[in-house]
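The file work33.tsv comes next; it holds TSV, N, CA and C atoms.
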chain	number	residue	atom	x	y	z
A	1	MET	N	10.57	2.65	2.28
A	1	MET	CA	11.35	1.66	1.56
A	1	MET	C	10.43	0.62	0.94
A	2	LEU	N	10.66	0.34	-0.33
A	2	LEU	CA	9.89	-0.67	-1.06
A	2	LEU	C	10.19	-2.03	-0.44
A	3	ASN	N	9.15	-2.70	0.07
A	3	ASN	CA	9.41	-3.93	0.80
A	3	ASN	C	8.24	-4.92	0.72
A	4	PRO	N	7.96	-5.46	-0.49
A	4	PRO	CA	6.92	-6.49	-0.53
A	4	PRO	C	7.41	-7.73	0.20
A	5	VAL	N	6.51	-8.43	0.84
A	5	VAL	CA	6.86	-9.67	1.54
A	5	VAL	C	5.99	-10.79	0.98
A	6	PRO	N	6.49	-12.03	1.03
A	6	PRO	CA	5.67	-13.14	0.54
A	6	PRO	C	4.37	-13.21	1.33
A	7	ALA	N	3.29	-13.42	0.61
A	7	ALA	CA	1.98	-13.52	1.27
A	7	ALA	C	1.83	-14.88	1.92
A	8	GLN	N	1.19	-14.90	3.05
A	8	GLN	CA	0.85	-16.15	3.71
A	8	GLN	C	-0.28	-16.80	2.93
A	9	THR	N	-0.43	-18.09	3.06
A	9	THR	CA	-1.53	-18.77	2.40
A	9	THR	C	-2.85	-18.19	2.87
A	10	ALA	N	-3.70	-17.86	1.92
A	10	ALA	CA	-4.98	-17.24	2.26
A	10	ALA	C	-6.11	-17.99	1.56
A	11	ASN	N	-7.26	-17.97	2.18
A	11	ASN	CA	-8.43	-18.59	1.58
A	11	ASN	C	-9.13	-17.65	0.61
A	12	ARG	N	-8.93	-16.36	0.80
A	12	ARG	CA	-9.56	-15.35	-0.05
A	12	ARG	C	-8.53	-14.28	-0.38
A	13	PRO	N	-8.59	-13.72	-1.60
A	13	PRO	CA	-7.67	-12.64	-1.94
A	13	PRO	C	-7.79	-11.44	-1.00
A	14	SER	N	-8.97	-11.22	-0.45
A	14	SER	CA	-9.17	-10.06	0.43
A	14	SER	C	-8.41	-10.19	1.75
A	15	GLU	N	-7.91	-11.39	2.05
A	15	GLU	CA	-7.15	-11.60	3.28
A	15	GLU	C	-5.70	-11.13	3.16
A	16	VAL	N	-5.25	-10.80	1.94
A	16	VAL	CA	-3.89	-10.35	1.71
A	16	VAL	C	-3.92	-8.83	1.49
A	17	GLU	N	-3.10	-8.11	2.26
A	17	GLU	CA	-3.07	-6.66	2.14
A	17	GLU	C	-2.25	-6.25	0.92
A	18	ARG	N	-2.94	-5.63	-0.03
A	18	ARG	CA	-2.27	-5.09	-1.21
A	18	ARG	C	-2.81	-3.70	-1.48
A	19	ARG	N	-1.92	-2.84	-1.91
A	19	ARG	CA	-2.28	-1.46	-2.24
A	19	ARG	C	-2.13	-1.27	-3.74
A	20	VAL	N	-3.17	-1.68	-4.47
A	20	VAL	CA	-3.09	-1.70	-5.93
A	20	VAL	C	-3.03	-0.31	-6.55
A	21	LEU	N	-3.42	0.71	-5.82
A	21	LEU	CA	-3.35	2.06	-6.36
A	21	LEU	C	-2.05	2.76	-5.95
A	22	CYS	N	-1.00	2.00	-5.83
A	22	CYS	CA	0.32	2.52	-5.49
A	22	CYS	C	1.14	2.62	-6.78
A	23	SER	N	1.89	3.70	-6.91
A	23	SER	CA	2.72	3.87	-8.10
A	23	SER	C	3.83	2.83	-8.19
A	24	ARG	N	4.14	2.16	-7.11
A	24	ARG	CA	5.22	1.16	-7.07
A	24	ARG	C	4.70	-0.27	-7.22
A	25	TYR	N	3.39	-0.44	-7.38
A	25	TYR	CA	2.78	-1.77	-7.41
A	25	TYR	C	3.40	-2.67	-8.47
A	26	SER	N	3.65	-2.14	-9.66
A	26	SER	CA	4.26	-2.94	-10.74
A	26	SER	C	5.64	-3.44	-10.34
A	27	GLU	N	6.40	-2.59	-9.65
A	27	GLU	CA	7.73	-3.01	-9.19
A	27	GLU	C	7.61	-4.18	-8.22
A	28	CYS	N	6.62	-4.13	-7.35
A	28	CYS	CA	6.42	-5.22	-6.38
A	28	CYS	C	6.01	-6.51	-7.08
A	29	LEU	N	5.17	-6.38	-8.11
A	29	LEU	CA	4.81	-7.57	-8.88
A	29	LEU	C	6.05	-8.19	-9.52
A	30	GLU	N	6.91	-7.34	-10.06
A	30	GLU	CA	8.15	-7.84	-10.67
A	30	GLU	C	9.03	-8.55	-9.64
A	31	ILE	N	9.15	-7.98	-8.45
A	31	ILE	CA	9.94	-8.62	-7.39
A	31	ILE	C	9.34	-9.98	-7.05
A	32	CYS	N	8.03	-10.01	-6.91
A	32	CYS	CA	7.34	-11.25	-6.57
A	32	CYS	C	7.58	-12.32	-7.62
A	33	LEU	N	7.46	-11.95	-8.89
A	33	LEU	CA	7.68	-12.92	-9.96
A	33	LEU	C	9.12	-13.38	-10.02
A	34	SER	N	10.06	-12.44	-9.86
A	34	SER	CA	11.48	-12.80	-9.96
A	34	SER	C	11.93	-13.71	-8.82
A	35	LYS	N	11.27	-13.60	-7.67
A	35	LYS	CA	11.64	-14.43	-6.52
A	35	LYS	C	10.83	-15.73	-6.45
A	36	GLY	N	9.87	-15.87	-7.38
A	36	GLY	CA	9.08	-17.10	-7.43
A	36	GLY	C	8.06	-17.24	-6.32
A	37	TRP	N	7.63	-16.11	-5.76
A	37	TRP	CA	6.63	-16.17	-4.69
A	37	TRP	C	5.27	-16.51	-5.27
A	38	GLN	N	4.43	-17.13	-4.46
A	38	GLN	CA	3.05	-17.43	-4.85
A	38	GLN	C	2.17	-16.19	-4.76
A	39	GLY	N	2.59	-15.19	-4.03
A	39	GLY	CA	1.85	-13.94	-3.87
A	39	GLY	C	2.65	-13.03	-2.96
A	40	PHE	N	2.19	-11.79	-2.82
A	40	PHE	CA	2.90	-10.87	-1.95
A	40	PHE	C	1.93	-10.00	-1.18
A	41	SER	N	2.43	-9.39	-0.13
A	41	SER	CA	1.64	-8.51	0.71
A	41	SER	C	2.36	-7.17	0.83
A	42	CYS	N	1.60	-6.12	0.97
A	42	CYS	CA	2.15	-4.77	1.16
A	42	CYS	C	2.16	-4.39	2.64
A	43	SER	N	1.94	-5.34	3.50
A	43	SER	CA	1.76	-5.05	4.92
A	43	SER	C	2.95	-4.37	5.59
A	44	GLU	N	4.16	-4.59	5.10
A	44	GLU	CA	5.33	-4.00	5.73
A	44	GLU	C	5.94	-2.86	4.93
A	45	CYS	N	5.29	-2.47	3.84
A	45	CYS	CA	5.83	-1.44	2.96
A	45	CYS	C	5.65	-0.05	3.56
A	46	GLN	N	6.71	0.75	3.47
A	46	GLN	CA	6.68	2.14	3.94
A	46	GLN	C	6.78	3.11	2.76
A	47	ASP	N	6.64	2.61	1.53
A	47	ASP	CA	6.90	3.43	0.35
A	47	ASP	C	5.65	3.64	-0.51
A	48	PHE	N	4.46	3.60	0.10
A	48	PHE	CA	3.21	3.75	-0.64
A	48	PHE	C	3.11	5.15	-1.24
A	49	GLU	N	2.84	5.20	-2.54
A	49	GLU	CA	2.62	6.46	-3.25
A	49	GLU	C	1.30	6.32	-4.01
A	50	PHE	N	0.26	7.02	-3.57
A	50	PHE	CA	-1.05	6.91	-4.20
A	50	PHE	C	-0.98	7.33	-5.66
A	51	GLU	N	-1.60	6.51	-6.49
A	51	GLU	CA	-1.65	6.80	-7.92
A	51	GLU	C	-2.95	6.21	-8.47
A	52	CYS	N	-3.64	6.99	-9.21
A	52	CYS	CA	-4.86	6.50	-9.86
A	52	CYS	C	-4.88	7.02	-11.29
A	53	PRO	N	-4.06	6.43	-12.16
A	53	PRO	CA	-3.97	6.91	-13.54
A	53	PRO	C	-5.26	6.67	-14.31
A	54	ASP	N	-5.52	7.55	-15.26
A	54	ASP	CA	-6.73	7.40	-16.05
A	54	ASP	C	-6.43	6.92	-17.47
A	55	ASP	N	-5.18	6.53	-17.73
A	55	ASP	CA	-4.87	6.05	-19.07
A	55	ASP	C	-5.00	4.53	-19.16
A	56	ALA	N	-5.54	4.07	-20.26
A	56	ALA	CA	-5.81	2.65	-20.46
A	56	ALA	C	-4.53	1.82	-20.53
A	57	ALA	N	-3.45	2.39	-21.05
A	57	ALA	CA	-2.20	1.63	-21.20
A	57	ALA	C	-1.66	1.20	-19.84
A	58	HIS	N	-1.77	2.06	-18.84
A	58	HIS	CA	-1.29	1.71	-17.51
A	58	HIS	C	-2.06	0.50	-16.97
A	59	TRP	N	-3.38	0.54	-17.07
A	59	TRP	CA	-4.20	-0.54	-16.52
A	59	TRP	C	-4.05	-1.82	-17.33
A	60	ALA	N	-3.78	-1.69	-18.63
A	60	ALA	CA	-3.53	-2.88	-19.45
A	60	ALA	C	-2.25	-3.57	-18.98
A	61	GLN	N	-1.21	-2.79	-18.69
A	61	GLN	CA	0.05	-3.37	-18.20
A	61	GLN	C	-0.15	-4.00	-16.84
A	62	GLN	N	-0.90	-3.35	-15.96
A	62	GLN	CA	-1.18	-3.92	-14.64
A	62	GLN	C	-1.92	-5.24	-14.78
A	63	SER	N	-2.84	-5.30	-15.71
A	63	SER	CA	-3.60	-6.53	-15.94
A	63	SER	C	-2.67	-7.66	-16.39
A	64	LYS	N	-1.75	-7.37	-17.30
A	64	LYS	CA	-0.79	-8.40	-17.75
A	64	LYS	C	0.06	-8.88	-16.59
A	65	ASN	N	0.59	-7.94	-15.80
A	65	ASN	CA	1.43	-8.32	-14.67
A	65	ASN	C	0.66	-9.18	-13.67
A	66	SER	N	-0.56	-8.80	-13.39
A	66	SER	CA	-1.38	-9.56	-12.45
A	66	SER	C	-1.70	-10.94	-13.01
A	67	GLY	N	-1.96	-11.00	-14.31
A	67	GLY	CA	-2.24	-12.29	-14.95
A	67	GLY	C	-1.08	-13.25	-14.83
A	68	TRP	N	0.15	-12.75	-15.04
A	68	TRP	CA	1.33	-13.60	-14.90
A	68	TRP	C	1.48	-14.09	-13.48
A	69	LEU	N	1.20	-13.23	-12.53
A	69	LEU	CA	1.30	-13.62	-11.13
A	69	LEU	C	0.30	-14.73	-10.82
A	70	LEU	N	-0.93	-14.60	-11.31
A	70	LEU	CA	-1.94	-15.63	-11.08
A	70	LEU	C	-1.55	-16.96	-11.72
A	71	ILE	N	-1.03	-16.90	-12.93
A	71	ILE	CA	-0.63	-18.13	-13.61
A	71	ILE	C	0.53	-18.78	-12.86
A	72	LYS	N	1.49	-17.98	-12.42
A	72	LYS	CA	2.63	-18.52	-11.67
A	72	LYS	C	2.17	-19.17	-10.37
A	73	ALA	N	1.11	-18.62	-9.78
A	73	ALA	CA	0.58	-19.17	-8.54
A	73	ALA	C	-0.30	-20.40	-8.78
A	74	GLY	N	-0.54	-20.72	-10.05
A	74	GLY	CA	-1.31	-21.91	-10.35
A	74	GLY	C	-2.78	-21.67	-10.69
A	75	TYR	N	-3.16	-20.41	-10.75
A	75	TYR	CA	-4.54	-20.08	-11.11
A	75	TYR	C	-4.59	-19.82	-12.60
A	76	LEU	N	-5.12	-20.79	-13.34
A	76	LEU	CA	-5.18	-20.65	-14.79
A	76	LEU	C	-6.56	-20.19	-15.23
A	77	PRO	N	-6.62	-19.34	-16.26
A	77	PRO	CA	-7.92	-18.93	-16.78
A	77	PRO	C	-8.72	-20.13	-17.26
A	78	ARG	N	-10.01	-20.07	-17.12
A	78	ARG	CA	-10.91	-21.18	-17.47
A	78	ARG	C	-10.69	-21.63	-18.91
A	79	TRP	N	-10.49	-20.71	-19.86
A	79	TRP	CA	-10.34	-21.10	-21.27
A	79	TRP	C	-9.07	-21.93	-21.49
A	80	ILE	N	-8.02	-21.67	-20.72
A	80	ILE	CA	-6.80	-22.46	-20.85
A	80	ILE	C	-7.03	-23.86	-20.29
A	81	VAL	N	-7.69	-23.95	-19.15
A	81	VAL	CA	-7.99	-25.24	-18.54
A	81	VAL	C	-8.88	-26.07	-19.46
A	82	ASP	N	-9.91	-25.44	-20.01
A	82	ASP	CA	-10.82	-26.15	-20.91
A	82	ASP	C	-10.10	-26.63	-22.17
A	83	ARG	N	-9.25	-25.79	-22.72
A	83	ARG	CA	-8.52	-26.18	-23.93
A	83	ARG	C	-7.58	-27.35	-23.65
A	84	ALA	N	-6.89	-27.31	-22.52
A	84	ALA	CA	-5.99	-28.41	-22.16
A	84	ALA	C	-6.77	-29.70	-21.91
A	85	ARG	N	-7.92	-29.57	-21.28
A	85	ARG	CA	-8.74	-30.73	-20.96
A	85	ARG	C	-9.27	-31.38	-22.24
A	86	ASN	N	-9.58	-30.57	-23.24
A	86	ASN	CA	-10.18	-31.08	-24.47
A	86	ASN	C	-9.14	-31.33	-25.58
A	87	ARG	N	-7.88	-31.16	-25.27
A	87	ARG	CA	-6.83	-31.26	-26.28
A	87	ARG	C	-6.77	-32.65	-26.91
A	88	ASN	N	-7.01	-33.68	-26.14
A	88	ASN	CA	-6.89	-35.05	-26.66
A	88	ASN	C	-8.20	-35.60	-27.21
A	89	VAL	N	-9.24	-34.78	-27.21
A	89	VAL	CA	-10.53	-35.21	-27.75
A	89	VAL	C	-10.58	-34.83	-29.22
A	90	PRO	N	-10.69	-35.81	-30.12
A	90	PRO	CA	-10.73	-35.47	-31.55
A	90	PRO	C	-11.98	-34.67	-31.88
A	91	GLU	N	-11.79	-33.65	-32.69
A	91	GLU	CA	-12.94	-32.83	-33.09
A	91	GLU	C	-13.69	-33.53	-34.21
A	92	ASP	N	-15.00	-33.44	-34.17
A	92	ASP	CA	-15.86	-34.05	-35.18
A	92	ASP	C	-16.25	-32.98	-36.19
A	93	PHE	N	-15.68	-33.07	-37.39
A	93	PHE	CA	-16.00	-32.09	-38.43
A	93	PHE	C	-16.93	-32.69	-39.48
A	94	SER	N	-17.53	-33.83	-39.18
A	94	SER	CA	-18.40	-34.47	-40.16
A	94	SER	C	-19.70	-33.70	-40.28
A	95	CYS	N	-20.35	-33.91	-41.39
A	95	CYS	CA	-21.63	-33.24	-41.64
A	95	CYS	C	-22.81	-34.08	-41.17
A	96	ASP	N	-22.53	-35.29	-40.71
A	96	ASP	CA	-23.60	-36.16	-40.22
A	96	ASP	C	-24.11	-35.63	-38.91
A	97	SER	N	-25.42	-35.59	-38.77
A	97	SER	CA	-25.96	-35.21	-37.46
A	97	SER	C	-26.36	-36.49	-36.75
A	98	LYS	N	-25.67	-36.78	-35.67
A	98	LYS	CA	-25.91	-38.00	-34.91
A	98	LYS	C	-26.65	-37.62	-33.64
A	99	LYS	N	-27.92	-37.87	-33.62
A	99	LYS	CA	-28.71	-37.54	-32.43
A	99	LYS	C	-29.34	-38.75	-31.85
Could you express the structure from this file as structure tokens?
Amino acid sequence: MLNPVPAQTANRPSEVERRVLCSRYSECLEICLSKGWQGFSCSECQDFEFECPDDAAHWAQQSKNSGWLLIKAGYLPRWIVDRARNRNVPEDFSCDSKK
């Protein structure tokens, strides 16, 4: 039975049991996102189905799903943080070199 559970707070991602090569992994990510969990664990799942696809489209979709989960959990990519931090700093487009 498909049964992701909310992950306990962890100091490292390796402390959370996840089976990323499971054919149902995307479904668990969707459940996690829909329930607003900060993360999930596969520790109680009895529905593991090994899958290791070799097509790029599958891994691209997994990457998007994982990215949304990280953002929802508060982990923002560095480029987003940097852009937000520098948003209120006026850009200098002058040709003067001020050294």
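Remark: for Asp47 of chain A, the closest of the candidate residues A:Asn3, A:Gln61, A:Glu15, A:Asn86 is A:Asn3 (distances computed over all atoms listed in the file).
Note that atom CA of Trp37 of chain A and atom CA of Ser66 of chain A are 13.0 Å apart.
When all atoms listed in the file are used to compute distances to Ser23 of chain A, the closest of the residues A:Ala7, A:Glu51, A:Arg87, A:Glu44 turns out to be A:Glu51.
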Go through A:Gln46, A:Gln38, A:Ser26, A:Gln62 and flag the residue nearest Gln8 of chain A, using all atoms listed in the file for the distances.
A:Gln38
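Rounded to one decimal, atom C of Cys22 of chain A and atom N of Gly74 of chain A lie 23.6 Å from each other.
Interatomic distance, atom CA of Cys45 of chain A against atom C of Pro6 of chain A: 12.0 Å.
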Residues of chain A in strand (DSSP E), written as a PyMOL selection string
chain A and resi 5-6+40-41
Could you pull out the helix (DSSP H, G or I) residues of chain A from DSSP and send them as a PyMOL selection string?
chain A and resi 13-15+25-35+56-72+78-85
Would you list the contacts of Leu29 of chain A as a ChimeraX atom specification, taking every protein, DNA or RNA residue within 8 Å and counting only N, CA and C atoms, but skipping same-chain residues closer than 6 positions in sequence?
/A:4,35,40,65-66,69
Residue with smallest distance to Gly36 of chain A - pool A:Arg78, A:Lys64, A:Arg85, A:Lys72, counting only C-alpha atoms:
A:Lys72
